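J.: One file: data-v3.cif (mmCIF, N, CA and C atoms).
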```cif
data_upload
loop_
_atom_site.label_atom_id
_atom_site.label_comp_id
_atom_site.auth_asym_id
_atom_site.auth_seq_id
_atom_site.Cartn_x
_atom_site.Cartn_y
_atom_site.Cartn_z
N MET A 833 -75.11 84.14 -7.49
CA MET A 833 -74.97 85.29 -8.36
C MET A 833 -74.08 84.94 -9.54
N ASP A 834 -74.44 85.46 -10.68
CA ASP A 834 -73.58 85.26 -11.83
C ASP A 834 -73.35 86.59 -12.53
N SER A 835 -72.41 86.58 -13.46
CA SER A 835 -72.02 87.83 -14.10
C SER A 835 -73.16 88.45 -14.91
N LYS A 836 -74.08 87.61 -15.41
CA LYS A 836 -75.22 88.15 -16.17
C LYS A 836 -76.03 89.12 -15.32
N MET A 837 -76.21 88.77 -14.04
CA MET A 837 -76.97 89.65 -13.15
C MET A 837 -76.27 91.00 -13.00
N PHE A 838 -74.94 90.97 -12.83
CA PHE A 838 -74.20 92.23 -12.69
C PHE A 838 -74.24 93.04 -13.97
N HIS A 839 -74.13 92.37 -15.12
CA HIS A 839 -74.23 93.09 -16.40
C HIS A 839 -75.61 93.72 -16.55
N GLN A 840 -76.64 93.00 -16.14
CA GLN A 840 -78.00 93.54 -16.23
C GLN A 840 -78.17 94.76 -15.34
N ARG A 841 -77.63 94.69 -14.12
CA ARG A 841 -77.72 95.84 -13.21
C ARG A 841 -76.98 97.05 -13.78
N ALA A 842 -75.84 96.80 -14.40
CA ALA A 842 -75.09 97.90 -15.02
C ALA A 842 -75.92 98.55 -16.12
N GLN A 843 -76.55 97.73 -16.94
CA GLN A 843 -77.40 98.26 -18.01
C GLN A 843 -78.57 99.06 -17.43
N ASP A 844 -79.16 98.54 -16.35
CA ASP A 844 -80.26 99.25 -15.70
C ASP A 844 -79.81 100.62 -15.22
N CYS A 845 -78.63 100.67 -14.61
CA CYS A 845 -78.11 101.95 -14.10
C CYS A 845 -77.87 102.93 -15.25
N LEU A 846 -77.31 102.43 -16.35
CA LEU A 846 -77.05 103.32 -17.49
C LEU A 846 -78.36 103.83 -18.11
N ARG A 847 -79.37 102.97 -18.17
CA ARG A 847 -80.67 103.40 -18.69
C ARG A 847 -81.26 104.48 -17.80
N LEU A 848 -81.20 104.25 -16.48
CA LEU A 848 -81.72 105.25 -15.54
C LEU A 848 -80.93 106.55 -15.63
N ALA A 849 -79.62 106.44 -15.80
CA ALA A 849 -78.79 107.65 -15.92
C ALA A 849 -79.20 108.46 -17.14
N ASP A 850 -79.49 107.77 -18.23
CA ASP A 850 -79.93 108.47 -19.45
C ASP A 850 -81.23 109.21 -19.25
N GLU A 851 -82.09 108.67 -18.38
CA GLU A 851 -83.41 109.27 -18.16
C GLU A 851 -83.41 110.30 -17.02
N CYS A 852 -82.33 110.35 -16.27
CA CYS A 852 -82.30 111.18 -15.06
C CYS A 852 -81.95 112.64 -15.38
N PRO A 853 -82.76 113.57 -14.92
CA PRO A 853 -82.47 114.98 -15.18
C PRO A 853 -81.42 115.56 -14.22
N ASP A 854 -81.23 114.92 -13.08
CA ASP A 854 -80.30 115.44 -12.07
C ASP A 854 -78.87 115.01 -12.39
N LEU A 855 -77.99 115.99 -12.55
CA LEU A 855 -76.61 115.74 -12.94
C LEU A 855 -75.88 114.85 -11.93
N TYR A 856 -76.05 115.11 -10.64
CA TYR A 856 -75.34 114.35 -9.60
C TYR A 856 -75.86 112.91 -9.52
N ALA A 857 -77.16 112.75 -9.64
CA ALA A 857 -77.74 111.41 -9.63
C ALA A 857 -77.29 110.64 -10.86
N ARG A 858 -77.23 111.32 -12.01
CA ARG A 858 -76.79 110.67 -13.24
C ARG A 858 -75.34 110.17 -13.09
N GLU A 859 -74.50 111.02 -12.53
CA GLU A 859 -73.09 110.64 -12.32
C GLU A 859 -72.99 109.45 -11.36
N ALA A 860 -73.78 109.47 -10.30
CA ALA A 860 -73.76 108.36 -9.33
C ALA A 860 -74.21 107.06 -10.00
N LEU A 861 -75.24 107.13 -10.83
CA LEU A 861 -75.71 105.93 -11.54
C LEU A 861 -74.66 105.41 -12.51
N MET A 862 -73.95 106.30 -13.16
CA MET A 862 -72.90 105.87 -14.09
C MET A 862 -71.74 105.23 -13.33
N GLU A 863 -71.40 105.77 -12.18
CA GLU A 863 -70.35 105.16 -11.36
C GLU A 863 -70.79 103.78 -10.86
N LEU A 864 -72.04 103.67 -10.46
CA LEU A 864 -72.57 102.39 -10.00
C LEU A 864 -72.56 101.37 -11.14
N ALA A 865 -72.89 101.81 -12.34
CA ALA A 865 -72.84 100.92 -13.51
C ALA A 865 -71.41 100.41 -13.72
N ASP A 866 -70.42 101.28 -13.58
CA ASP A 866 -69.03 100.86 -13.70
C ASP A 866 -68.66 99.82 -12.65
N GLU A 867 -69.14 100.02 -11.43
CA GLU A 867 -68.85 99.05 -10.37
C GLU A 867 -69.49 97.69 -10.67
N PHE A 868 -70.72 97.71 -11.18
CA PHE A 868 -71.37 96.45 -11.55
C PHE A 868 -70.60 95.76 -12.68
N LYS A 869 -70.12 96.53 -13.66
CA LYS A 869 -69.33 95.95 -14.74
C LYS A 869 -68.04 95.34 -14.20
N ASP A 870 -67.39 96.04 -13.28
CA ASP A 870 -66.16 95.51 -12.67
C ASP A 870 -66.43 94.21 -11.93
N MET A 871 -67.54 94.15 -11.20
CA MET A 871 -67.88 92.92 -10.47
C MET A 871 -68.14 91.78 -11.45
N ALA A 872 -68.81 92.06 -12.55
CA ALA A 872 -69.08 91.02 -13.55
C ALA A 872 -67.77 90.52 -14.15
N THR A 873 -66.88 91.43 -14.45
CA THR A 873 -65.58 91.05 -15.02
C THR A 873 -64.79 90.19 -14.04
N GLN A 874 -64.78 90.58 -12.78
CA GLN A 874 -64.07 89.81 -11.76
C GLN A 874 -64.68 88.42 -11.59
N LEU A 875 -65.98 88.35 -11.58
CA LEU A 875 -66.66 87.07 -11.44
C LEU A 875 -66.35 86.16 -12.63
N ASP A 876 -66.36 86.72 -13.83
CA ASP A 876 -66.02 85.93 -15.02
C ASP A 876 -64.59 85.40 -14.93
N ALA A 877 -63.67 86.24 -14.47
CA ALA A 877 -62.27 85.82 -14.33
C ALA A 877 -62.14 84.71 -13.30
N ASP A 878 -62.86 84.83 -12.19
CA ASP A 878 -62.82 83.79 -11.14
C ASP A 878 -63.35 82.46 -11.68
N VAL A 879 -64.41 82.51 -12.45
CA VAL A 879 -64.99 81.28 -13.01
C VAL A 879 -63.99 80.64 -13.97
N ARG A 880 -63.35 81.43 -14.82
CA ARG A 880 -62.36 80.88 -15.75
C ARG A 880 -61.20 80.23 -14.99
N THR A 881 -60.75 80.86 -13.92
CA THR A 881 -59.64 80.32 -13.13
C THR A 881 -60.03 79.00 -12.49
N ARG A 882 -61.22 78.93 -11.92
CA ARG A 882 -61.67 77.67 -11.29
C ARG A 882 -61.83 76.57 -12.33
N THR A 883 -62.33 76.90 -13.51
CA THR A 883 -62.51 75.90 -14.56
C THR A 883 -61.16 75.36 -15.01
N ARG A 884 -60.19 76.26 -15.23
CA ARG A 884 -58.85 75.81 -15.62
C ARG A 884 -58.24 74.93 -14.55
N SER A 885 -58.43 75.29 -13.30
CA SER A 885 -57.86 74.52 -12.20
C SER A 885 -58.47 73.12 -12.15
N ARG A 886 -59.78 73.03 -12.34
CA ARG A 886 -60.44 71.72 -12.33
C ARG A 886 -59.96 70.85 -13.48
N ARG A 887 -59.80 71.46 -14.66
CA ARG A 887 -59.33 70.70 -15.82
C ARG A 887 -57.91 70.18 -15.57
N ARG A 888 -57.06 71.05 -15.03
CA ARG A 888 -55.68 70.67 -14.74
C ARG A 888 -55.67 69.52 -13.73
N SER A 889 -56.47 69.62 -12.70
CA SER A 889 -56.54 68.58 -11.67
C SER A 889 -57.02 67.26 -12.27
N ALA A 890 -58.01 67.31 -13.14
CA ALA A 890 -58.54 66.09 -13.76
C ALA A 890 -57.47 65.44 -14.64
N ARG A 891 -56.71 66.25 -15.39
CA ARG A 891 -55.63 65.71 -16.21
C ARG A 891 -54.56 65.07 -15.35
N GLU A 892 -54.20 65.72 -14.25
CA GLU A 892 -53.19 65.17 -13.34
C GLU A 892 -53.66 63.87 -12.72
N ASP A 893 -54.93 63.81 -12.32
CA ASP A 893 -55.49 62.57 -11.74
C ASP A 893 -55.46 61.44 -12.77
N ALA A 894 -55.83 61.75 -14.01
CA ALA A 894 -55.83 60.73 -15.05
C ALA A 894 -54.41 60.24 -15.33
N ALA A 895 -53.45 61.16 -15.36
CA ALA A 895 -52.06 60.78 -15.59
C ALA A 895 -51.54 59.90 -14.46
N ALA A 896 -51.87 60.23 -13.24
CA ALA A 896 -51.44 59.43 -12.09
C ALA A 896 -52.09 58.04 -12.15
N HIS A 897 -53.33 57.98 -12.54
CA HIS A 897 -54.03 56.68 -12.65
C HIS A 897 -53.37 55.83 -13.74
N ARG A 898 -53.07 56.42 -14.89
CA ARG A 898 -52.41 55.68 -15.96
C ARG A 898 -51.05 55.15 -15.50
N GLN A 899 -50.32 55.98 -14.76
CA GLN A 899 -49.01 55.57 -14.24
C GLN A 899 -49.17 54.36 -13.31
N CYS A 900 -50.16 54.40 -12.45
CA CYS A 900 -50.40 53.28 -11.54
C CYS A 900 -50.79 52.02 -12.32
N LEU A 901 -51.59 52.19 -13.37
CA LEU A 901 -51.97 51.03 -14.19
C LEU A 901 -50.73 50.41 -14.84
N ARG A 902 -49.82 51.26 -15.32
CA ARG A 902 -48.60 50.75 -15.95
C ARG A 902 -47.74 49.99 -14.94
N GLN A 903 -47.77 50.45 -13.70
CA GLN A 903 -46.95 49.82 -12.68
C GLN A 903 -47.68 48.65 -12.04
N GLY A 904 -48.91 48.40 -12.42
CA GLY A 904 -49.67 47.28 -11.89
C GLY A 904 -50.21 47.52 -10.49
N GLU A 905 -50.30 48.77 -10.07
CA GLU A 905 -50.78 49.09 -8.73
C GLU A 905 -52.29 49.19 -8.64
N VAL A 906 -52.94 49.32 -9.76
CA VAL A 906 -54.40 49.48 -9.77
C VAL A 906 -54.99 48.34 -10.56
N LYS A 907 -55.97 47.68 -9.97
CA LYS A 907 -56.66 46.60 -10.69
C LYS A 907 -57.86 47.18 -11.40
N THR A 908 -58.04 46.80 -12.66
CA THR A 908 -59.18 47.31 -13.42
C THR A 908 -60.34 46.37 -13.38
#
```
Translate the structure of the given file into structure tokens.

T.:
Amino acid sequence: MDSKMFHQRAQDCLRLADECPDLYAREALMELADEFKDMATQLDADVRTRTRSRRRSAREDAAAHRQCLRQGEVKT
């Protein structure tokens, strides 16, 4: 699952809410759209966090490798 799917579901709910004559059903669809938007936002935040973590880890690994090369511990 990706955030695009959740954004699409939110849009679908809002479109249906606009077309729905029943007040209670319209409100439920709008609430569901908000939940889908929240899930998309959370998923996007999780992806950004994982990406930053991977980049940080790669930089740390490269720095440790360079340090070992300077100390002559790693043969190239």

J.: Contacts of Glu859 of chain A at 10 Å or less, counting only C-alpha atoms, minus same-chain residues fewer than 6 places along, as a PyMOL selection string?

T.: chain A and resi 846+849+852+865

J.: Tell me which protein, DNA and RNA residues are within 8 Å of Asp850 of chain A, counting all atoms listed in the file, leaving out same-chain ones fewer than 5 positions away, and put them as a count of residues only.

T.: 5

J.: Env of segment 870-883 of chain A: 8 Å cut, atoms = all atoms listed in the file, seq-sep filter 5 positions within chain, self excluded. Answer as a list in words.

T.: Met833, Asp834, Ser835, Lys836, Met837, Phe838, His839, Leu864, Ala865, Arg888 and Ser889 of chain A

J.: Go ahead and fit an axis-aligned box to every listed atom of segment 899-903 of chain A plus 6 Å each side, and pass me the centre and edge lengths in Å, one decimal, as JSON.

T.:
```
{"center_x": -49.5, "center_y": 52.3, "center_z": -13.7, "size_x": 17.0, "size_y": 19.3, "size_z": 16.4}
```

J.: Can you work out the spacing between atom C of Lys869 of chain A and atom CA of Leu855 of chain A in Å, to one decimal?

T.: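 That distance, rounded to one decimal, is 22.2 Å.
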
J.: Could you state the separation of atom C of Gln840 of chain A and atom C of Glu863 of chain A in Å, given to one decimal place?

T.: 12.5 Å

J.: What does the distance between atom C of Glu867 of chain A and atom C of Leu848 of chain A come to in Å, to one decimal place?

T.: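 Interatomic distance here is 15.3 Å.
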